[in-house]
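Colleague: For reference, the file entry_30.txt (compact mmCIF, C-alpha atoms) is included below:
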```txt
# COMPACT_ATOMS: atom_id res chain seq x y z
CA MET A 1 243.24 58.07 170.49
CA ALA A 2 242.12 56.51 167.23
CA GLY A 3 244.31 54.52 164.89
CA THR A 4 247.32 56.38 163.58
CA GLY A 5 246.95 55.21 159.99
CA ARG A 6 249.36 53.40 157.74
CA GLY A 7 252.99 54.25 158.47
CA GLU A 8 252.44 57.01 161.03
CA VAL A 9 254.27 56.84 164.34
CA ILE A 10 253.04 58.72 167.42
CA PRO A 11 255.56 61.42 168.41
CA GLU A 12 257.59 60.31 171.44
CA SER A 13 256.26 63.15 173.59
CA ASP A 14 252.66 62.00 172.96
CA ARG A 15 253.12 58.29 173.69
CA LYS A 16 251.35 56.71 176.65
CA SER A 17 252.39 53.60 178.58
CA ALA A 18 250.96 50.36 177.27
CA PRO A 19 248.77 48.33 179.61
CA SER A 20 250.11 45.09 181.03
CA VAL A 21 249.89 42.11 178.72
CA ASP A 22 250.70 38.58 179.70
CA GLY A 23 249.52 35.13 178.86
CA THR A 24 250.40 31.73 177.54
CA ILE A 25 251.79 31.33 174.06
CA LEU A 26 250.76 28.41 171.89
CA ASP A 27 253.77 26.30 172.82
CA GLY A 28 252.71 26.57 176.46
CA GLY A 29 255.32 29.10 177.60
CA ALA A 30 254.53 32.30 179.45
CA TRP A 31 254.83 35.70 177.76
CA ASN A 32 254.84 39.12 179.41
CA LEU A 33 255.05 42.54 177.74
CA ALA A 34 256.92 44.08 180.67
CA ALA A 35 259.71 41.52 180.18
CA GLN A 36 260.18 42.83 176.63
CA ARG A 37 261.32 46.30 177.79
CA GLY A 38 264.17 47.43 175.54
CA LYS A 39 262.60 45.80 172.48
CA VAL A 40 260.06 47.10 170.00
CA VAL A 41 256.99 44.87 170.30
CA VAL A 42 254.38 44.39 167.58
CA LEU A 43 251.09 43.09 168.99
CA ASN A 44 248.88 41.82 166.19
CA PHE A 45 245.28 41.01 167.14
CA TRP A 46 244.00 38.41 164.71
CA GLY A 47 242.19 35.13 164.15
CA PRO A 48 242.35 32.40 161.50
CA TRP A 49 238.64 33.07 160.82
CA CYS A 50 239.51 36.58 159.55
CA PRO A 51 240.40 36.71 155.80
CA PRO A 52 242.58 39.86 156.01
CA CYS A 53 244.39 38.33 159.00
CA ARG A 54 245.20 35.24 156.95
CA VAL A 55 246.79 37.50 154.32
CA GLU A 56 248.86 39.67 156.67
CA THR A 57 250.20 36.99 159.04
CA PRO A 58 252.77 35.58 156.55
CA ASP A 59 253.90 39.16 155.79
CA PHE A 60 254.30 39.81 159.51
CA ASP A 61 256.38 36.66 159.78
CA ALA A 62 258.67 37.93 157.01
CA ALA A 63 259.01 41.30 158.80
CA TYR A 64 259.69 39.48 162.08
CA LYS A 65 262.49 37.43 160.51
CA ALA A 66 263.97 40.57 158.94
CA THR A 67 263.95 42.65 162.16
CA LYS A 68 264.29 40.31 165.15
CA ALA A 69 268.07 40.79 165.20
CA ASP A 70 267.39 44.53 165.63
CA GLY A 71 265.44 43.93 168.85
CA VAL A 72 261.93 43.68 167.39
CA GLU A 73 259.48 41.13 168.78
CA PHE A 74 256.27 40.19 166.96
CA VAL A 75 253.52 38.56 168.99
CA GLY A 76 250.15 37.50 167.67
CA VAL A 77 247.13 37.71 169.96
CA ALA A 78 244.68 35.13 168.64
CA VAL A 79 241.05 35.75 169.56
CA ARG A 80 237.64 34.22 168.91
CA ASP A 81 238.84 30.81 167.77
CA THR A 82 240.04 27.48 169.09
CA GLU A 83 243.61 26.72 169.99
CA ASP A 84 243.63 23.88 167.46
CA ASN A 85 242.63 26.22 164.59
CA VAL A 86 245.27 28.77 165.58
CA ARG A 87 247.95 26.08 165.88
CA ALA A 88 246.96 24.56 162.50
CA PHE A 89 247.14 27.97 160.79
CA TYR A 90 250.60 28.60 162.24
CA GLN A 91 251.84 25.16 161.16
CA ASP A 92 250.29 25.30 157.67
CA ASN A 93 251.79 28.74 157.03
CA LYS A 94 255.11 28.09 158.82
CA ILE A 95 254.66 31.14 161.07
CA THR A 96 257.64 31.46 163.44
CA TYR A 97 256.72 34.30 165.80
CA PRO A 98 254.81 33.46 168.97
CA THR A 99 251.11 33.99 169.50
CA LEU A 100 249.14 34.37 172.70
CA PHE A 101 245.88 32.46 172.75
CA ASP A 102 243.19 34.83 174.06
CA ARG A 103 239.83 33.41 172.99
CA PRO A 104 237.83 35.53 175.46
CA GLY A 105 239.56 38.75 174.37
CA LYS A 106 240.89 39.87 177.76
CA THR A 107 244.00 41.38 176.15
CA ILE A 108 241.89 43.42 173.73
CA GLN A 109 239.98 44.87 176.67
CA ARG A 110 243.23 46.24 178.10
CA PHE A 111 243.59 48.37 174.95
CA ARG A 112 239.95 49.55 174.78
CA ASP A 113 241.01 53.20 175.20
CA LEU A 114 242.53 53.01 171.72
CA ARG A 115 239.04 52.56 170.23
CA VAL A 116 240.06 50.03 167.62
CA ASN A 117 237.18 48.20 165.96
CA GLY A 118 237.42 45.22 163.66
CA PHE A 119 240.17 42.77 162.79
CA PRO A 120 243.00 42.62 162.26
CA PHE A 121 244.57 45.46 164.17
CA THR A 122 248.12 46.06 165.26
CA ILE A 123 249.63 47.98 168.16
CA VAL A 124 253.34 48.77 168.16
CA ILE A 125 255.03 49.29 171.53
CA ASP A 126 258.33 51.20 171.73
CA LYS A 127 261.41 50.16 173.72
CA GLN A 128 260.16 52.13 176.76
CA GLY A 129 256.87 50.21 176.85
CA ARG A 130 254.74 52.99 175.31
CA VAL A 131 252.17 52.74 172.51
CA ALA A 132 254.02 54.07 169.47
CA ALA A 133 251.53 53.26 166.68
CA VAL A 134 248.04 51.81 166.22
CA TYR A 135 246.93 50.33 162.92
CA PRO A 136 243.22 49.50 162.58
CA THR A 137 243.80 47.98 159.16
CA PRO A 138 245.55 45.00 157.59
CA LEU A 139 249.26 45.59 156.96
CA LEU A 140 251.84 44.11 154.66
CA GLN A 141 255.55 43.66 155.29
CA GLU A 142 256.23 46.88 153.38
CA ASP A 143 253.90 48.77 155.77
CA ILE A 144 255.13 47.47 159.13
CA GLN A 145 258.83 46.79 158.59
CA PRO A 146 259.90 50.45 158.05
CA VAL A 147 257.95 51.47 161.16
CA VAL A 148 259.56 48.91 163.46
CA THR A 149 262.99 49.56 161.97
CA ARG A 150 262.58 53.27 162.72
CA LEU A 151 261.41 52.56 166.28
CA ALA A 152 264.25 50.10 166.88
CA ALA A 153 266.69 52.88 165.96
CA GLU A 154 265.29 55.24 168.63
CA SER A 155 267.54 55.73 171.64
```
Turn the structure described in the file into structure tokens.

Modeller:
Amino acid sequence: MAGTGRGEVIPESDRKSAPSVDGTILDGGAWNLAAQRGKVVVLNFWGPWCPPCRVETPDFDAAYKATKADGVEFVGVAVRDTEDNVRAFYQDNKITYPTLFDRPGKTIQRFRDLRVNGFPFTIVIDKQGRVAAVYPTPLLQEDIQPVVTRLAAES
């Protein structure tokens, strides 16, 4: 499956289970996708070295703040950089959602069947733990927030 494009959600009958994702978030705590069952999860693969990532991350934080009460979890997956650079970017931009530090890209490899190339890219997981959307392009709050709001309203 290739990226679904801006704003398109995969029909429920066509969604496949997401692979397992777990790791350590920047504050040192553990994070596990399976433990998020019942929430919509936005996985954003990014790095502070990526100019479009630097633009979309504050928009994602705004969408996170606007939708977290609806059961939406945003999680960055920082790749190809140092923990210090990722932490500094988060602090400088006052980003509040968690990020997994995955310098070697092991989490990306779990999603290789989605054939996403380049950065940033975003994968949205529905409340049942299935891939509901794949965005191989930078997104703004106005792109992602309606999608996660719609998915959060699914039964």

Colleague: Could you give me, as a PDB file with C-alpha atoms, in the coordinates of the input, the residues within 7 Å of segment 82-91 of chain A, counting all atoms listed in the file and dropping anything in the same chain fewer than 2 positions from it?

Modeller:
```pdb
ATOM      1  CA  PRO A  48     242.350  32.400 161.500  1.00  0.00           C
ATOM      2  CA  ASN A  93     251.790  28.740 157.030  1.00  0.00           C
ATOM      3  CA  LYS A  94     255.110  28.090 158.820  1.00  0.00           C
ATOM      4  CA  ILE A  95     254.660  31.140 161.070  1.00  0.00           C
ATOM      5  CA  PHE A 101     245.880  32.460 172.750  1.00  0.00           C
TER       6      PHE A 101
END
```

Colleague: Within 7 Å of (247.3, 48.4, 167.9), in the coordinates the file gives, what residues turn up when you count all atoms listed in the file, written out as a PDB file with C-alpha atoms, keeping the file's coordinate frame?

Modeller:
```
ATOM      1  CA  LEU A  43     251.090  43.090 168.990  1.00  0.00           C
ATOM      2  CA  ASN A  44     248.880  41.820 166.190  1.00  0.00           C
ATOM      3  CA  PHE A 121     244.570  45.460 164.170  1.00  0.00           C
ATOM      4  CA  THR A 122     248.120  46.060 165.260  1.00  0.00           C
ATOM      5  CA  ILE A 123     249.630  47.980 168.160  1.00  0.00           C
ATOM      6  CA  VAL A 124     253.340  48.770 168.160  1.00  0.00           C
ATOM      7  CA  ALA A 133     251.530  53.260 166.680  1.00  0.00           C
ATOM      8  CA  VAL A 134     248.040  51.810 166.220  1.00  0.00           C
ATOM      9  CA  TYR A 135     246.930  50.330 162.920  1.00  0.00           C
ATOM     10  CA  PRO A 136     243.220  49.500 162.580  1.00  0.00           C
TER      11      PRO A 136
END
```

Colleague: Using only C-alpha atoms, can you tell me which of A:Arg54, A:Leu100, A:Thr67, A:Arg80 comes closest to Gly28 of chain A?

Modeller: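 The answer is A:Leu100, which sits nearest to Gly28 of chain A.
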
Colleague: Set the distance at 12 Å and use all atoms listed in the file: which residues neighbour Ser17 of chain A once local chain neighbours fewer than 4 positions away are removed? I'd like the list as a VMD selection string.

Modeller: chain A and resid 12 to 13 21 33 to 34 37 110 to 111 113 124 to 133

Colleague: How far is it from atom CA of Asp70 of chain A to atom CA of Ala152 of chain A, in Å with one decimal?

Modeller: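 Separation between atom CA of Asp70 of chain A and atom CA of Ala152 of chain A: 6.5 Å.
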
Colleague: What's the 12 Å shell around Ala62 of chain A, counting all atoms listed in the file, without same-chain residues fewer than 3 positions away, as number ranges by chain?

Modeller: A: 56-59, 65-68, 74, 93-97, 140-145

Colleague: Between A:Pro11, A:Pro120, A:Pro138, A:Pro52, which has the minimum distance to Ile108 of chain A (counting only C-alpha atoms)?

Modeller: A:Pro120

Colleague: Grab the atom CA of Val148 of chain A to atom CA of Phe45 of chain A distance for me, in Å with one decimal place.

Modeller: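 So the answer is 16.7 Å.
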
Colleague: Can you report as AutoDock Vina command-line options the centre and edge lengths in Å, to one decimal, of an axis-aligned box around the listed atoms of segment 93-105 of chain A padded with 3 Å on each side?

Modeller:
```
--center_x 247.7 --center_y 33.4 --center_z 166.2 --size_x 25.8 --size_y 16.7 --size_z 24.4
```

Colleague: Please measure the separation of atom CA of Glu154 of chain A and atom CA of Ala35 of chain A, giving the value in Å to one decimal.

Modeller: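 Rounded to one decimal, the two atoms are 18.8 Å apart.
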
Colleague: Counting all atoms listed in the file, which of A:Asp61, A:Asp92, A:Asp102, A:Asp14 gets nearest to Trp46 of chain A?

Modeller: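 Closest to Trp46 of chain A, using all atoms listed in the file: A:Asp102.
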
Colleague: Using all atoms listed in the file, can you tell me which of A:Ala63, A:Gly23, A:Asn117, A:Pro51 comes closest to Val77 of chain A?

Modeller: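 Of A:Ala63, A:Gly23, A:Asn117, A:Pro51, the one nearest Val77 of chain A is A:Gly23, counting all atoms listed in the file.
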
Colleague: From the list A:Ser155, A:Gly118, A:Gly38, A:Val75, which residue is nearest Thr137 of chain A when using only C-alpha atoms?

Modeller: A:Gly118

Colleague: Identify which of the residues A:Pro146, A:Gly105, A:Gly71, A:Ala153 lies closest to Gln36 of chain A, counting all atoms listed in the file when measuring atom-to-atom distances.

Modeller: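 Among A:Pro146, A:Gly105, A:Gly71, A:Ala153, it is A:Gly71 that comes nearest to Gln36 of chain A.
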